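A.B. asks: Sending over my_file04.txt (compact mmCIF, C-alpha atoms and all ligand atoms).
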# COMPACT_ATOMS: atom_id res chain seq x y z
CA MET A 36 -8.24 21.75 1.87
CA ARG A 37 -4.51 22.05 2.61
CA ILE A 38 -3.37 19.59 5.27
CA GLY A 39 -0.65 20.07 7.88
CA VAL A 40 0.65 17.26 10.07
CA ILE A 41 2.13 17.93 13.53
CA GLY A 42 4.53 15.13 14.46
CA GLY A 43 7.08 13.30 12.31
CA GLY A 44 7.12 9.90 14.00
CA ALA A 45 6.04 6.78 12.13
CA TRP A 46 2.32 7.57 12.20
CA GLY A 47 2.60 11.28 11.39
CA THR A 48 4.83 10.47 8.43
CA ALA A 49 2.49 7.71 7.20
CA LEU A 50 -0.51 10.04 7.49
CA ALA A 51 1.38 12.74 5.58
CA GLN A 52 1.85 10.12 2.85
CA VAL A 53 -1.92 9.41 2.84
CA ALA A 54 -2.76 13.13 2.72
CA ALA A 55 -0.30 13.61 -0.15
CA PHE A 56 -2.10 11.01 -2.26
CA GLY A 57 -2.79 12.22 -5.78
CA GLY A 58 -0.10 14.88 -5.70
CA ARG A 59 -1.60 17.08 -2.98
CA GLU A 60 0.76 19.23 -0.95
CA VAL A 61 1.30 18.43 2.71
CA LEU A 62 3.32 20.28 5.33
CA LEU A 63 4.81 18.11 8.07
CA TRP A 64 6.04 19.67 11.31
CA VAL A 65 8.85 17.72 12.97
CA ARG A 66 11.09 18.44 15.97
CA GLY A 67 14.58 18.21 14.48
CA ALA A 68 16.06 20.38 11.70
CA THR A 69 18.12 17.48 10.35
CA LEU A 70 15.06 15.26 10.13
CA ALA A 71 13.08 18.04 8.42
CA GLU A 72 15.82 18.43 5.84
CA THR A 73 16.09 14.69 5.22
CA ILE A 74 12.33 14.35 4.73
CA THR A 75 12.13 17.26 2.29
CA ARG A 76 15.36 16.58 0.35
CA GLU A 77 15.68 12.80 0.45
CA ARG A 78 11.97 11.96 0.68
CA SER A 79 12.50 9.57 3.54
CA ASN A 80 12.21 9.42 7.33
CA PRO A 81 14.98 6.98 8.28
CA LEU A 82 14.52 7.68 12.02
CA TYR A 83 10.89 6.62 12.32
CA LEU A 84 9.67 5.13 9.03
CA PRO A 85 12.68 3.54 7.32
CA GLY A 86 12.38 1.96 3.89
CA ILE A 87 9.52 4.17 2.65
CA THR A 88 9.90 6.64 -0.21
CA LEU A 89 7.74 9.63 0.60
CA ALA A 90 5.63 11.58 -1.87
CA PRO A 91 7.49 14.52 -3.45
CA THR A 92 4.71 16.88 -2.34
CA ILE A 93 5.50 16.37 1.37
CA ARG A 94 7.58 19.20 2.79
CA ALA A 95 8.86 19.17 6.36
CA THR A 96 9.48 22.13 8.65
CA THR A 97 10.42 22.80 12.27
CA ASP A 98 8.71 26.21 12.25
CA ALA A 99 5.21 26.13 13.78
CA ALA A 100 4.34 29.40 11.99
CA ASP A 101 4.66 27.65 8.60
CA LEU A 102 1.52 25.72 9.47
CA ASP A 103 -0.49 28.95 9.57
CA ALA A 104 -0.96 28.35 5.85
CA VAL A 105 -2.86 25.04 6.10
CA ASP A 106 -6.63 24.55 6.48
CA ALA A 107 -6.68 21.54 8.84
CA LEU A 108 -4.10 19.88 11.09
CA LEU A 109 -3.52 16.24 11.95
CA VAL A 110 -1.95 16.04 15.42
CA VAL A 111 0.27 12.96 15.69
CA VAL A 112 2.57 13.44 18.67
CA PRO A 113 2.59 10.98 21.60
CA ALA A 114 -0.30 11.48 24.02
CA GLN A 115 1.85 12.69 26.94
CA HIS A 116 3.37 15.49 24.79
CA LEU A 117 0.22 16.59 22.97
CA GLY A 118 -0.66 19.48 25.29
CA CYS A 119 2.84 20.88 25.32
CA VAL A 120 3.29 20.66 21.54
CA LEU A 121 -0.18 22.08 20.74
CA SER A 122 0.52 25.11 22.93
CA GLY A 123 3.16 26.17 20.40
CA PHE A 124 0.68 26.50 17.52
CA ALA A 125 -1.90 29.18 16.68
CA ILE A 126 -4.92 27.16 15.53
CA GLY A 127 -7.91 29.53 15.68
CA THR A 128 -10.99 27.93 14.12
CA ARG A 129 -9.18 25.36 11.97
CA PRO A 130 -10.04 21.67 12.54
CA LEU A 131 -7.68 19.55 14.63
CA VAL A 132 -7.63 15.83 13.84
CA LEU A 133 -6.24 14.01 16.87
CA CYS A 134 -4.41 10.79 16.03
CA ALA A 135 -2.57 9.93 19.28
CA LYS A 136 -3.93 7.09 21.42
CA GLY A 137 -3.75 7.69 25.14
CA ILE A 138 -4.86 9.51 28.28
CA GLU A 139 -2.85 12.38 29.75
CA ALA A 140 -1.19 11.40 33.04
CA GLY A 141 -1.86 13.83 35.90
CA SER A 142 -4.87 15.56 34.36
CA ARG A 143 -6.50 12.21 33.41
CA ARG A 144 -7.89 13.86 30.28
CA LEU A 145 -8.52 12.30 26.88
CA MET A 146 -6.77 13.97 23.93
CA ALA A 147 -9.90 15.87 22.80
CA GLU A 148 -10.22 17.41 26.27
CA VAL A 149 -6.54 18.42 26.26
CA ALA A 150 -6.80 19.99 22.79
CA ALA A 151 -10.10 21.78 23.50
CA ALA A 152 -8.67 23.39 26.63
CA ILE A 153 -5.79 24.90 24.60
CA HIS A 154 -7.67 25.70 21.38
CA PRO A 155 -11.35 26.10 22.37
CA ARG A 156 -12.48 27.44 18.98
CA ALA A 157 -11.04 24.57 16.92
CA PRO A 158 -13.44 21.82 15.81
CA ILE A 159 -12.04 18.53 17.13
CA ALA A 160 -11.96 15.23 15.24
CA VAL A 161 -10.40 11.89 16.19
CA LEU A 162 -8.84 9.52 13.66
CA SER A 163 -8.27 6.04 15.06
CA GLY A 164 -8.31 2.42 13.96
CA PRO A 165 -6.22 -0.65 13.11
CA THR A 166 -3.37 1.12 11.34
CA PHE A 167 0.23 -0.02 11.48
CA ALA A 168 2.08 2.98 10.04
CA HIS A 169 4.44 0.95 7.85
CA GLU A 170 1.48 -0.77 6.12
CA VAL A 171 -0.41 2.48 5.55
CA ALA A 172 2.72 4.14 4.16
CA ARG A 173 3.17 1.26 1.70
CA GLY A 174 -0.37 1.80 0.41
CA LEU A 175 -1.87 -1.40 1.87
CA PRO A 176 -5.68 -1.32 2.40
CA THR A 177 -6.67 0.27 5.72
CA ALA A 178 -9.92 1.52 7.30
CA VAL A 179 -10.27 3.97 10.20
CA THR A 180 -12.90 5.65 12.31
CA LEU A 181 -13.05 9.42 11.77
CA ALA A 182 -15.13 10.90 14.58
CA CYS A 183 -16.26 14.51 14.79
CA ALA A 184 -19.37 16.14 16.22
CA ASP A 185 -19.56 18.74 13.42
CA ALA A 186 -21.19 17.16 10.34
CA GLN A 187 -19.68 19.58 7.84
CA VAL A 188 -16.14 19.25 9.18
CA ARG A 189 -16.55 15.46 9.39
CA ALA A 190 -17.62 15.22 5.75
CA ALA A 191 -14.89 17.56 4.51
CA LEU A 192 -12.16 15.71 6.41
CA SER A 193 -13.42 12.28 5.31
CA GLU A 194 -13.40 13.33 1.69
CA ARG A 195 -9.99 14.97 1.94
CA LEU A 196 -8.28 12.04 3.69
CA ALA A 197 -9.88 9.19 1.74
CA ALA A 198 -7.72 7.40 -0.81
CA PRO A 199 -8.25 4.14 -2.72
CA HIS A 200 -6.28 2.28 -0.01
CA PHE A 201 -7.46 4.38 2.95
CA ARG A 202 -11.15 4.38 3.99
CA PRO A 203 -12.36 6.65 6.78
CA TYR A 204 -15.71 5.60 8.33
CA ALA A 205 -17.49 8.63 9.77
CA SER A 206 -18.79 8.75 13.34
CA THR A 207 -20.03 11.36 15.78
CA ASP A 208 -18.68 9.43 18.78
CA VAL A 209 -15.42 11.23 19.61
CA ILE A 210 -15.18 9.76 23.12
CA GLY A 211 -15.76 6.21 21.86
CA ALA A 212 -13.06 6.53 19.20
CA GLU A 213 -10.61 7.87 21.78
CA ILE A 214 -11.31 5.26 24.43
CA GLY A 215 -10.93 2.30 22.06
CA GLY A 216 -7.46 3.46 20.97
CA ALA A 217 -6.26 4.28 24.47
CA VAL A 218 -7.44 1.06 26.14
CA LYS A 219 -6.36 -1.34 23.39
CA ASN A 220 -2.72 -0.31 23.88
CA VAL A 221 -2.81 -1.52 27.49
CA LEU A 222 -4.53 -4.76 26.46
CA ALA A 223 -1.92 -5.30 23.72
CA ILE A 224 0.76 -5.28 26.43
CA ALA A 225 -1.23 -7.98 28.26
CA CYS A 226 -1.42 -10.12 25.11
CA GLY A 227 2.31 -9.70 24.58
CA VAL A 228 2.88 -10.96 28.13
CA VAL A 229 0.87 -14.09 27.28
CA GLU A 230 3.11 -14.62 24.24
CA GLY A 231 6.35 -13.92 26.12
CA ALA A 232 5.42 -16.19 29.01
CA GLY A 233 4.34 -18.97 26.62
CA LEU A 234 0.79 -19.16 27.98
CA GLY A 235 -0.74 -20.24 24.66
CA GLN A 236 -3.28 -19.16 22.08
CA ASN A 237 -6.32 -19.95 24.27
CA ALA A 238 -5.12 -17.49 26.88
CA ARG A 239 -4.54 -14.81 24.25
CA ALA A 240 -8.07 -15.21 22.84
CA ALA A 241 -9.51 -15.14 26.37
CA LEU A 242 -7.61 -11.92 27.10
CA ILE A 243 -8.84 -10.28 23.90
CA ALA A 244 -12.46 -11.17 24.76
CA ARG A 245 -12.27 -10.24 28.44
CA GLY A 246 -10.17 -7.18 27.59
CA PHE A 247 -12.88 -6.08 25.18
CA ALA A 248 -15.40 -6.45 28.02
CA GLU A 249 -13.20 -4.11 30.11
CA MET A 250 -12.93 -1.63 27.25
CA THR A 251 -16.71 -1.71 26.83
CA ARG A 252 -17.43 -1.29 30.57
CA PHE A 253 -15.07 1.67 30.79
CA GLY A 254 -16.25 3.21 27.52
CA LEU A 255 -19.94 3.00 28.38
CA ALA A 256 -19.24 4.56 31.78
CA ARG A 257 -17.55 7.47 30.01
CA GLY A 258 -20.39 7.99 27.51
CA ALA A 259 -18.99 6.07 24.52
CA ARG A 260 -21.34 4.17 22.22
CA ALA A 261 -21.17 0.36 22.18
CA GLU A 262 -21.06 0.22 18.37
CA THR A 263 -17.99 2.48 18.27
CA LEU A 264 -16.20 0.24 20.77
CA ALA A 265 -17.10 -2.79 18.62
CA GLY A 266 -15.87 -0.98 15.48
CA LEU A 267 -12.56 -0.15 13.83
CA SER A 268 -11.19 2.08 16.59
CA GLY A 269 -12.09 -0.40 19.35
CA LEU A 270 -12.31 -4.09 18.65
CA GLY A 271 -10.65 -3.71 15.23
CA ASP A 272 -7.54 -2.10 16.69
CA LEU A 273 -7.57 -4.47 19.68
CA VAL A 274 -7.43 -7.51 17.42
CA LEU A 275 -4.61 -5.98 15.34
CA THR A 276 -2.34 -4.99 18.17
CA CYS A 277 -3.00 -8.09 20.27
CA SER A 278 -1.84 -10.35 17.44
CA SER A 279 1.40 -8.95 16.09
CA THR A 280 4.93 -8.16 17.09
CA SER A 281 4.64 -5.18 14.71
CA SER A 282 2.89 -3.57 17.70
CA ARG A 283 5.27 -1.75 20.06
CA ASN A 284 2.85 -2.38 22.93
CA PHE A 285 2.59 -6.10 22.19
CA SER A 286 6.41 -6.31 21.92
CA LEU A 287 6.82 -4.54 25.27
CA GLY A 288 4.49 -7.16 26.75
CA VAL A 289 6.52 -9.99 25.20
CA GLY A 290 9.59 -8.67 27.04
CA LEU A 291 7.68 -8.39 30.31
CA GLY A 292 6.36 -11.92 29.84
CA ARG A 293 9.92 -13.17 29.44
CA GLY A 294 10.76 -11.65 32.80
CA GLU A 295 12.62 -8.53 31.60
CA SER A 296 12.07 -5.38 33.67
CA ALA A 297 9.83 -2.58 32.42
CA ALA A 298 12.58 -0.06 33.21
CA SER A 299 15.09 -1.78 30.96
CA LEU A 300 12.52 -2.34 28.19
CA LEU A 301 11.48 1.33 28.23
CA ALA A 302 14.94 2.87 28.65
CA ASP A 303 16.30 4.73 25.65
CA ARG A 304 13.34 3.88 23.42
CA ARG A 305 13.06 6.20 20.45
CA THR A 306 9.59 4.95 19.55
CA VAL A 307 6.59 5.19 21.85
CA ALA A 308 4.68 2.33 23.54
CA GLU A 309 1.67 4.37 24.68
CA GLY A 310 0.15 1.60 26.80
CA ALA A 311 2.93 1.91 29.39
CA PHE A 312 1.91 5.53 30.06
CA THR A 313 -1.83 4.96 29.70
CA ALA A 314 -2.07 1.97 32.04
CA PRO A 315 -1.64 3.78 35.41
CA VAL A 316 -3.83 6.76 34.49
CA LEU A 317 -6.46 4.47 32.96
CA LEU A 318 -6.62 2.50 36.19
CA GLN A 319 -7.03 5.70 38.26
CA THR A 320 -9.78 6.96 35.94
CA ALA A 321 -11.55 3.60 35.98
CA ALA A 322 -11.44 3.44 39.78
CA GLU A 323 -12.90 6.94 39.92
CA ALA A 324 -15.76 5.79 37.67
CA GLY A 325 -16.24 2.58 39.70
CA VAL A 326 -15.23 0.39 36.74
CA ASP A 327 -13.38 -2.87 37.37
CA MET A 328 -10.50 -3.46 34.89
CA PRO A 329 -8.58 -6.51 36.14
CA VAL A 330 -6.53 -7.08 32.97
CA CYS A 331 -5.41 -3.43 32.85
CA GLU A 332 -4.65 -3.62 36.56
CA ALA A 333 -2.47 -6.69 35.95
CA VAL A 334 -0.55 -4.75 33.29
CA CYS A 335 0.03 -1.94 35.81
CA ARG A 336 1.40 -4.40 38.37
CA LEU A 337 3.79 -5.88 35.79
CA LEU A 338 4.99 -2.40 34.76
CA GLU A 339 5.63 -1.70 38.45
CA GLY A 340 7.86 -4.79 38.59
CA ALA A 341 5.61 -7.55 39.97
CA ALA A 342 6.52 -11.12 38.97
CA VAL A 343 4.68 -12.52 35.93
CA ALA A 344 3.65 -15.80 37.60
CA GLN A 345 2.23 -13.97 40.60
CA VAL A 346 0.22 -11.50 38.51
CA ILE A 347 -1.16 -14.19 36.17
CA GLY A 348 -1.98 -16.39 39.18
CA ALA A 349 -3.93 -13.58 40.86
CA LEU A 350 -5.86 -12.84 37.64
CA LEU A 351 -6.86 -16.49 37.26
CA ALA A 352 -7.82 -16.80 40.94
CA ARG A 353 -10.48 -14.09 40.77
CA PRO A 354 -13.95 -15.25 41.85
CA LEU A 355 -15.93 -16.98 39.10
CA ARG A 356 -18.62 -14.79 37.55
CA GLU A 357 -21.17 -14.63 34.79
CA GLU A 358 -19.97 -13.74 31.31
CA GLY A 359 -20.97 -10.37 29.87
CA VAL A 360 -19.89 -6.82 30.20
N1 LIG B 401 3.06 3.92 14.66
C1 LIG B 401 1.82 3.50 14.40
O1 LIG B 401 1.64 2.52 13.68
C2 LIG B 401 0.64 4.21 14.98
C3 LIG B 401 0.77 5.15 15.99
N2 LIG B 401 -0.33 5.76 16.49
C4 LIG B 401 -0.22 6.75 17.56
O2 LIG B 401 0.40 7.92 17.06
C5 LIG B 401 1.08 8.60 18.12
C6 LIG B 401 2.49 8.92 17.68
O3 LIG B 401 3.15 7.70 17.51
P1 LIG B 401 4.25 7.42 16.39
O4 LIG B 401 4.09 8.32 15.23
O5 LIG B 401 4.20 5.96 16.14
O6 LIG B 401 5.57 7.82 17.14
P2 LIG B 401 7.03 7.15 17.00
O7 LIG B 401 7.16 6.14 18.06
O8 LIG B 401 7.26 6.71 15.61
O9 LIG B 401 7.99 8.38 17.27
C7 LIG B 401 8.05 9.04 18.49
C8 LIG B 401 7.53 10.44 18.27
O10 LIG B 401 7.51 11.11 19.51
C9 LIG B 401 8.06 12.39 19.36
N3 LIG B 401 8.55 12.85 20.66
C10 LIG B 401 9.43 12.24 21.46
N4 LIG B 401 9.66 12.99 22.56
C11 LIG B 401 8.87 14.09 22.42
C12 LIG B 401 8.67 15.27 23.21
N5 LIG B 401 9.31 15.45 24.34
N6 LIG B 401 7.79 16.18 22.74
C13 LIG B 401 7.13 16.00 21.59
N7 LIG B 401 7.30 14.93 20.80
C14 LIG B 401 8.16 13.99 21.23
C15 LIG B 401 9.16 12.20 18.35
O11 LIG B 401 9.54 13.42 17.78
C16 LIG B 401 8.41 11.29 17.35
O12 LIG B 401 7.60 12.05 16.50
C17 LIG B 401 1.00 7.67 19.34
O13 LIG B 401 -0.04 8.10 20.18
C18 LIG B 401 0.63 6.32 18.73
O14 LIG B 401 -0.11 5.50 19.63
C19 LIG B 401 -1.56 5.51 16.02
C20 LIG B 401 -1.75 4.62 15.01
C21 LIG B 401 -0.67 3.90 14.40
O1 LIG B 402 -1.95 1.84 17.14
C1 LIG B 402 -1.35 1.09 16.41
C2 LIG B 402 -1.99 0.34 15.33
O2 LIG B 402 -3.32 0.68 15.17
C3 LIG B 402 0.09 0.90 16.60
O3 LIG B 402 0.26 0.06 17.68
P1 LIG B 402 1.59 0.14 18.57
O4 LIG B 402 1.66 1.55 19.08
O5 LIG B 402 1.38 -0.89 19.63
O6 LIG B 402 2.72 -0.19 17.66
Mind turning this structure into structure tokens?

C.D. replies:
Amino acid sequence: MRIGVIGGGAWGTALAQVAAFGGREVLLWVRGATLAETITRERSNPLYLPGITLAPTIRATTDAADLDAVDALLVVVPAQHLGCVLSGFAIGTRPLVLCAKGIEAGSRRLMAEVAAAIHPRAPIAVLSGPTFAHEVARGLPTAVTLACADAQVRAALSERLAAPHFRPYASTDVIGAEIGGAVKNVLAIACGVVEGAGLGQNARAALIARGFAEMTRFGLARGARAETLAGLSGLGDLVLTCSSTSSRNFSLGVGLGRGESAASLLADRRTVAEGAFTAPVLLQTAAEAGVDMPVCEAVCRLLEGAAVAQVIGALLARPLREEGV
């Protein structure tokens, strides 16, 4: 199976490196001609994944038609651009492996819904889990959820993407895998706020646990399975991104917690902090489904410019309730 990767940010480049394991050829579509040339000639992506020497079998292109030659495509562009970028490719019946974590603003659709509307004949898979790109690219051990409804496609993709340091765990729960990745980014911002505002380790652990309850409530309402939400793409990724400044979402939260404005923290960013875009649309979708998500709502208020002390105070002043989802 020849693999193509759409998107030359940190994660697309790291996944190209995984797919190139063992000398296999990989074609990576990126947006800029200079970046494409640097990746192919110098075997590095200094813009998005500095310090990593890429496999010699990775070739980059800016021409969507070049990807007509591959058998399956990993789609690794930010969630808000996925629809627009995918419209430029002819996919037919080839599998699409969606790797972005988010919900499309406006349409309120998950990535699989966006992709299926544009390429209805393509089998859809979702790859998601606790995966900092720079660690994966360095060959450090990593495990992911690979969800796809089609058993044959799922098995073929799992086998093709597995490497000694990269373990896909198969699942049929595409919605669950998507929801875990989208929601954890918003919760990672909340945990960063706790860090930035100096609220302590107890508060961070409480947010992870209560945030997981929110993720579970929302996921179950949307048809996700509880075990997927408690797995790599849900709880696993939540724990990773809520604990480390390597997370762009967590780092954004740290800035908010220190009292910096969302506008200044988001201005001129080259890299994406998906939670900032997911938070408002997640809240709308949750309200529509009648699901209460107070932590995600607090993140929305902070992104809108509310004061940290006020938002934290309101969260802590909520009526006492029984524990549980
Ligand atoms: N970096 C990581 O460790 C991981 C990232 N992801 C997810 O992968 C997705 C892509 O993130 P990264 O590779 O980290 O991106 P990045 O933050 O490294 O780079 C930004 C990417 O966005 C693209 N971009 C910017 N404006 C665009 C536009 N108007 N149209 C199309 N593309 C545009 C850039 O070309 C670049 O590929 C996100 O959904 C992210 O949540 C998932 C797992 C790990
Ligand atoms: O999704 C990720 C790790 O699994 C990357 O997290 P950030 O986008 O917050 O950096």

A.B. asks: Do a neighbour search on region 75-92 of chain A at 9 Å with only C-alpha atoms, toss out local chain neighbours closer than 4 positions, and write the hits as a list in words.

C.D. replies: Gly43, Gly44, Ala45, Trp46, Thr48, Ala49, Ala51, Gln52, Ala55, Phe56, Gly58, Arg59, Glu60, Val61, Leu62, Leu70, Ala71, Thr96, Ala168, His169, Ala172, Arg173, Arg305 and Thr306 of chain A

A.B. asks: For ligand LIG 401 (chain B), which of A:Val179, A:Leu222, A:Ile153, A:Leu108 is the closest residue, counting all atoms listed in the file?

C.D. replies: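 Result for the nearest residue to ligand LIG 401 (chain B): A:Val179.
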
A.B. asks: I'd like a table as JSON lines: residues in chain A with an atom no more than 8 Å from ligand LIG 401 (chain B), each row giving the shortest atom pair and its distance in Å to one decimal, all atoms listed in the file counted, sorted by chain and rising residue number.

C.D. replies:
{"residue": "A:Gly42", "atom": "CA", "partner": "B:LIG401", "partner_atom": "O12", "distance": 4.8}
{"residue": "A:Gly43", "atom": "CA", "partner": "B:LIG401", "partner_atom": "O12", "distance": 4.4}
{"residue": "A:Gly44", "atom": "CA", "partner": "B:LIG401", "partner_atom": "O12", "distance": 3.3}
{"residue": "A:Ala45", "atom": "CA", "partner": "B:LIG401", "partner_atom": "O8", "distance": 3.7}
{"residue": "A:Trp46", "atom": "CA", "partner": "B:LIG401", "partner_atom": "O4", "distance": 3.6}
{"residue": "A:Gly47", "atom": "CA", "partner": "B:LIG401", "partner_atom": "O4", "distance": 5.1}
{"residue": "A:Thr48", "atom": "CA", "partner": "B:LIG401", "partner_atom": "O4", "distance": 7.2}
{"residue": "A:Val65", "atom": "CA", "partner": "B:LIG401", "partner_atom": "O11", "distance": 6.5}
{"residue": "A:Arg66", "atom": "CA", "partner": "B:LIG401", "partner_atom": "O11", "distance": 5.6}
{"residue": "A:Gly67", "atom": "CA", "partner": "B:LIG401", "partner_atom": "O11", "distance": 7.7}
{"residue": "A:Tyr83", "atom": "CA", "partner": "B:LIG401", "partner_atom": "O8", "distance": 4.9}
{"residue": "A:Leu84", "atom": "CA", "partner": "B:LIG401", "partner_atom": "O8", "distance": 7.2}
{"residue": "A:Val111", "atom": "CA", "partner": "B:LIG401", "partner_atom": "C6", "distance": 5.0}
{"residue": "A:Val112", "atom": "CA", "partner": "B:LIG401", "partner_atom": "C6", "distance": 4.6}
{"residue": "A:Pro113", "atom": "CA", "partner": "B:LIG401", "partner_atom": "O13", "distance": 4.2}
{"residue": "A:Ala114", "atom": "CA", "partner": "B:LIG401", "partner_atom": "O13", "distance": 5.1}
{"residue": "A:His116", "atom": "CA", "partner": "B:LIG401", "partner_atom": "N6", "distance": 4.9}
{"residue": "A:Leu117", "atom": "CA", "partner": "B:LIG401", "partner_atom": "C13", "distance": 7.1}
{"residue": "A:Cys119", "atom": "CA", "partner": "B:LIG401", "partner_atom": "N6", "distance": 7.3}
{"residue": "A:Val120", "atom": "CA", "partner": "B:LIG401", "partner_atom": "C13", "distance": 6.0}
{"residue": "A:Cys134", "atom": "CA", "partner": "B:LIG401", "partner_atom": "O2", "distance": 5.7}
{"residue": "A:Ala135", "atom": "CA", "partner": "B:LIG401", "partner_atom": "O13", "distance": 3.2}
{"residue": "A:Lys136", "atom": "CA", "partner": "B:LIG401", "partner_atom": "O13", "distance": 4.2}
{"residue": "A:Gly137", "atom": "CA", "partner": "B:LIG401", "partner_atom": "O13", "distance": 6.2}
{"residue": "A:Ser163", "atom": "CA", "partner": "B:LIG401", "partner_atom": "C20", "distance": 6.7}
{"residue": "A:Gly164", "atom": "CA", "partner": "B:LIG401", "partner_atom": "C20", "distance": 7.0}
{"residue": "A:Pro165", "atom": "CA", "partner": "B:LIG401", "partner_atom": "C20", "distance": 7.2}
{"residue": "A:Thr166", "atom": "CA", "partner": "B:LIG401", "partner_atom": "C21", "distance": 4.9}
{"residue": "A:Phe167", "atom": "CA", "partner": "B:LIG401", "partner_atom": "O1", "distance": 3.6}
{"residue": "A:Ala168", "atom": "CA", "partner": "B:LIG401", "partner_atom": "O1", "distance": 3.7}
{"residue": "A:His169", "atom": "CA", "partner": "B:LIG401", "partner_atom": "O1", "distance": 6.7}
{"residue": "A:Gly216", "atom": "CA", "partner": "B:LIG401", "partner_atom": "O14", "distance": 7.7}
{"residue": "A:Ala217", "atom": "CA", "partner": "B:LIG401", "partner_atom": "O14", "distance": 7.9}
{"residue": "A:Asn220", "atom": "CA", "partner": "B:LIG401", "partner_atom": "O14", "distance": 7.7}
{"residue": "A:Ser282", "atom": "CA", "partner": "B:LIG401", "partner_atom": "O1", "distance": 7.4}
{"residue": "A:Arg305", "atom": "CA", "partner": "B:LIG401", "partner_atom": "C7", "distance": 6.1}
{"residue": "A:Thr306", "atom": "CA", "partner": "B:LIG401", "partner_atom": "O7", "distance": 3.1}
{"residue": "A:Val307", "atom": "CA", "partner": "B:LIG401", "partner_atom": "O7", "distance": 3.9}
{"residue": "A:Ala308", "atom": "CA", "partner": "B:LIG401", "partner_atom": "O14", "distance": 6.9}
{"residue": "A:Glu309", "atom": "CA", "partner": "B:LIG401", "partner_atom": "O14", "distance": 5.5}

A.B. asks: One decimal, Å: what's the distance from CA of Met36 (chain A) over to CA of Leu131 (chain A), could you say?

C.D. replies: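 So the two atoms, CA of Met36 (chain A) and CA of Leu131 (chain A), lie 13.0 Å apart.
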
A.B. asks: Which residues are near Met328 (chain A)? Cut-off 12 Å, only C-alpha atoms, ignore same chain within fewer than 4 positions. Put them as an MDAnalysis selection string.

C.D. replies: chainID A and resid 218 221:222 242 245:254 314:315 317:324 332:335 350 360

A.B. asks: For those residues, write C-alpha atoms to a file as a compact mmCIF listing (two decimals), in the frame of the given file.

C.D. replies:
# COMPACT_ATOMS: atom_id res chain seq x y z
CA VAL A 218 -7.44 1.06 26.14
CA VAL A 221 -2.81 -1.52 27.49
CA LEU A 222 -4.53 -4.76 26.46
CA LEU A 242 -7.61 -11.92 27.10
CA ARG A 245 -12.27 -10.24 28.44
CA GLY A 246 -10.17 -7.18 27.59
CA PHE A 247 -12.88 -6.08 25.18
CA ALA A 248 -15.40 -6.45 28.02
CA GLU A 249 -13.20 -4.11 30.11
CA MET A 250 -12.93 -1.63 27.25
CA THR A 251 -16.71 -1.71 26.83
CA ARG A 252 -17.43 -1.29 30.57
CA PHE A 253 -15.07 1.67 30.79
CA GLY A 254 -16.25 3.21 27.52
CA ALA A 314 -2.07 1.97 32.04
CA PRO A 315 -1.64 3.78 35.41
CA LEU A 317 -6.46 4.47 32.96
CA LEU A 318 -6.62 2.50 36.19
CA GLN A 319 -7.03 5.70 38.26
CA THR A 320 -9.78 6.96 35.94
CA ALA A 321 -11.55 3.60 35.98
CA ALA A 322 -11.44 3.44 39.78
CA GLU A 323 -12.90 6.94 39.92
CA ALA A 324 -15.76 5.79 37.67
CA GLU A 332 -4.65 -3.62 36.56
CA ALA A 333 -2.47 -6.69 35.95
CA VAL A 334 -0.55 -4.75 33.29
CA CYS A 335 0.03 -1.94 35.81
CA LEU A 350 -5.86 -12.84 37.64
CA VAL A 360 -19.89 -6.82 30.20

A.B. asks: Choose the residue, out of A:Lys219, A:His200, A:Arg144, A:Arg189, that has the smallest atom-to-atom separation from ligand LIG 402 (chain B); count only C-alpha atoms and all ligand atoms.

C.D. replies: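 Of the candidates, the smallest distance to ligand LIG 402 (chain B) is held by A:Lys219.
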
A.B. asks: Using all atoms listed in the file, which of the listed residues (A:Ala198, A:Leu192, A:Ser206, A:Pro329) sits closest to Pro354 (chain A)?

C.D. replies: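 Of the candidates, the smallest distance to Pro354 (chain A) is held by A:Pro329.
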
A.B. asks: Measuring between only C-alpha atoms, which one of A:Asp303, A:Asp106, A:Glu262, A:Asp208 shows the shortest distance to Ala191 (chain A)?

C.D. replies: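 Result for the nearest residue to Ala191 (chain A): A:Asp106.
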
A.B. asks: Take CA of Thr276 (chain A) and CA of Leu300 (chain A) and report the distance between them in Å, one decimal.

C.D. replies: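 Rounded to one decimal, the two atoms are 18.1 Å apart.
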
A.B. asks: Quick one: pull the distance between CA of Thr180 (chain A) and CA of Tyr204 (chain A), Å, one decimal.

C.D. replies: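 Computing it gives 4.9 Å between the two atoms.
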
A.B. asks: Find the residues around region 156-162 of chain A up to 7 Å (all atoms listed in the file counted), leave out those fewer than 2 positions away in its own chain, and share them as a list in words.

C.D. replies: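 So the residues in contact are Ile126, Gly127, Thr128, Arg129, Pro130, Leu131, Val132, Leu133, Cys134, Ala147, His154, Val179, Thr180, Leu181, Ala182, Cys183, Val209, Ala212 and Glu213 of chain A.
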
A.B. asks: For ligand LIG 402 (chain B), which residue out of A:Cys226, A:Ala261, A:Cys331, A:Ala140 is the nearest one, using all atoms listed in the file?

C.D. replies: A:Cys226

A.B. asks: For ligand LIG 402 (chain B), which residue out of A:Gly359, A:Gly269, A:Gly292, A:Gly57 is the nearest one, using all atoms listed in the file?

C.D. replies: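 Using all atoms listed in the file, the shortest distance to ligand LIG 402 (chain B) belongs to A:Gly269.
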
A.B. asks: Kindly provide, as AutoDock Vina command-line options, the centre and edge lengths (Å, one decimal) of an axis-aligned box around all atoms of region 351-354 of chain A given in the file, with 3 Å on each side.

C.D. replies:
--center_x -10.4 --center_y -15.4 --center_z 39.6 --size_x 13.1 --size_y 8.7 --size_z 10.6
